[in-house]
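See below for the structure under consideration.
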Amino acid sequence: MNTSWRVLGRSMQVGAVIAVASFVMLAPVSRAQTPVAQGAEAPHPAHIHAGTCDQLGDVVIPLTDVAVPTGEAKGASTAELVSVSDTVVDMSLDDLLAGDYAVNVHESAENIGEYIACGDIGGVTYTDEGQVELVIGLRELNNSGHTGVVWFGADGDKTEVAIDLIEPAEMK
């Protein structure tokens with residue numbers, strides 16, 4: 001995939017996360033992002049399910065777990081904690097948009113039945129440097145405090161799915 005569209009697409013995705021965060025974050029946070037090994041939440045399993053968030057069906061495609069990136073925290077100590085996932089799936093964006101599908105994020109592998117965020121796959125697609133893209137919101141489920149965005153990038157019969165999940169203040 002073209003690196004320049006990825007950088008621009010990720011910049012747009014980060015901008016969308018900031019916009020969502022400004023509307024849904026209710027409490028300020030004073031703790032910097034920390035690597036998973038230093039106390040952040042456990043990874044969150046994520047899947048594309050048949051159906052909608054209101055009526056989730058079976059798992060159609062497993063996605064990479066959503067987790068805080070590991071590594072050294074840099075920059076402002078007040079930066080918001082965001083967990084991420086990036087997966088290339090064997091399904092075209094057209095096929096994902098042709099049916100009822102949703103991205104669902106679970107609390108943990110140990111508590112897989114507890115759903116924390118979900119987004120129905122649909123909306124307005126746009127083209128960036130020849131690639132068809134879509135961004136959807138992830139809404140909070142079960143009073144989890146988790147929200148975020150999912151970016152989809154079409155690549156023939158495959159689709160890149162990138163999740164940015166905002167961790168709630170009380171979880172940090």
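Residue numbering restarts at 1 in every chain; chains get A, B, ... in the order shown in the structure tokens, and ligands count up from 1 in that same order.
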### Surrounding residues of stretch 97-113 of chain A excluding itself and chain neighbours under 5 positions, 7 Å, only C-alpha atoms, as a VMD selection string
chain A and resid 42 to 53 118 to 122
### Query
Residues at most 9 Å from A:Val161, counting only C-alpha atoms, excluding those fewer than 2 positions away in the same chain, as a ChimeraX atom specification?
/A:63,85-89,150-153,159,163
Residues just named, written with C-alpha atoms as a CSV table (one decimal), in the first residue's frame:
```
chain,number,residue,atom,x,y,z
A,63,LEU,CA,-9.4,-8.5,14.2
A,85,SER,CA,-5.4,-2.2,16.3
A,86,ASP,CA,-4.6,-2.6,12.6
A,87,THR,CA,-5.7,-5.6,10.6
A,88,VAL,CA,-5.9,-6.4,6.9
A,89,VAL,CA,-9.0,-8.6,6.3
A,150,VAL,CA,-12.6,2.7,12.9
A,151,TRP,CA,-10.9,3.6,9.6
A,152,PHE,CA,-11.4,1.3,6.6
A,153,GLY,CA,-9.1,1.4,3.5
A,159,THR,CA,-9.6,-4.1,3.5
A,163,ILE,CA,-9.3,0.9,15.3
```
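Atom pair atom CA of A:Leu56 / atom CA of A:Leu134 has a distance of 20.7 Å (rounded to one decimal).
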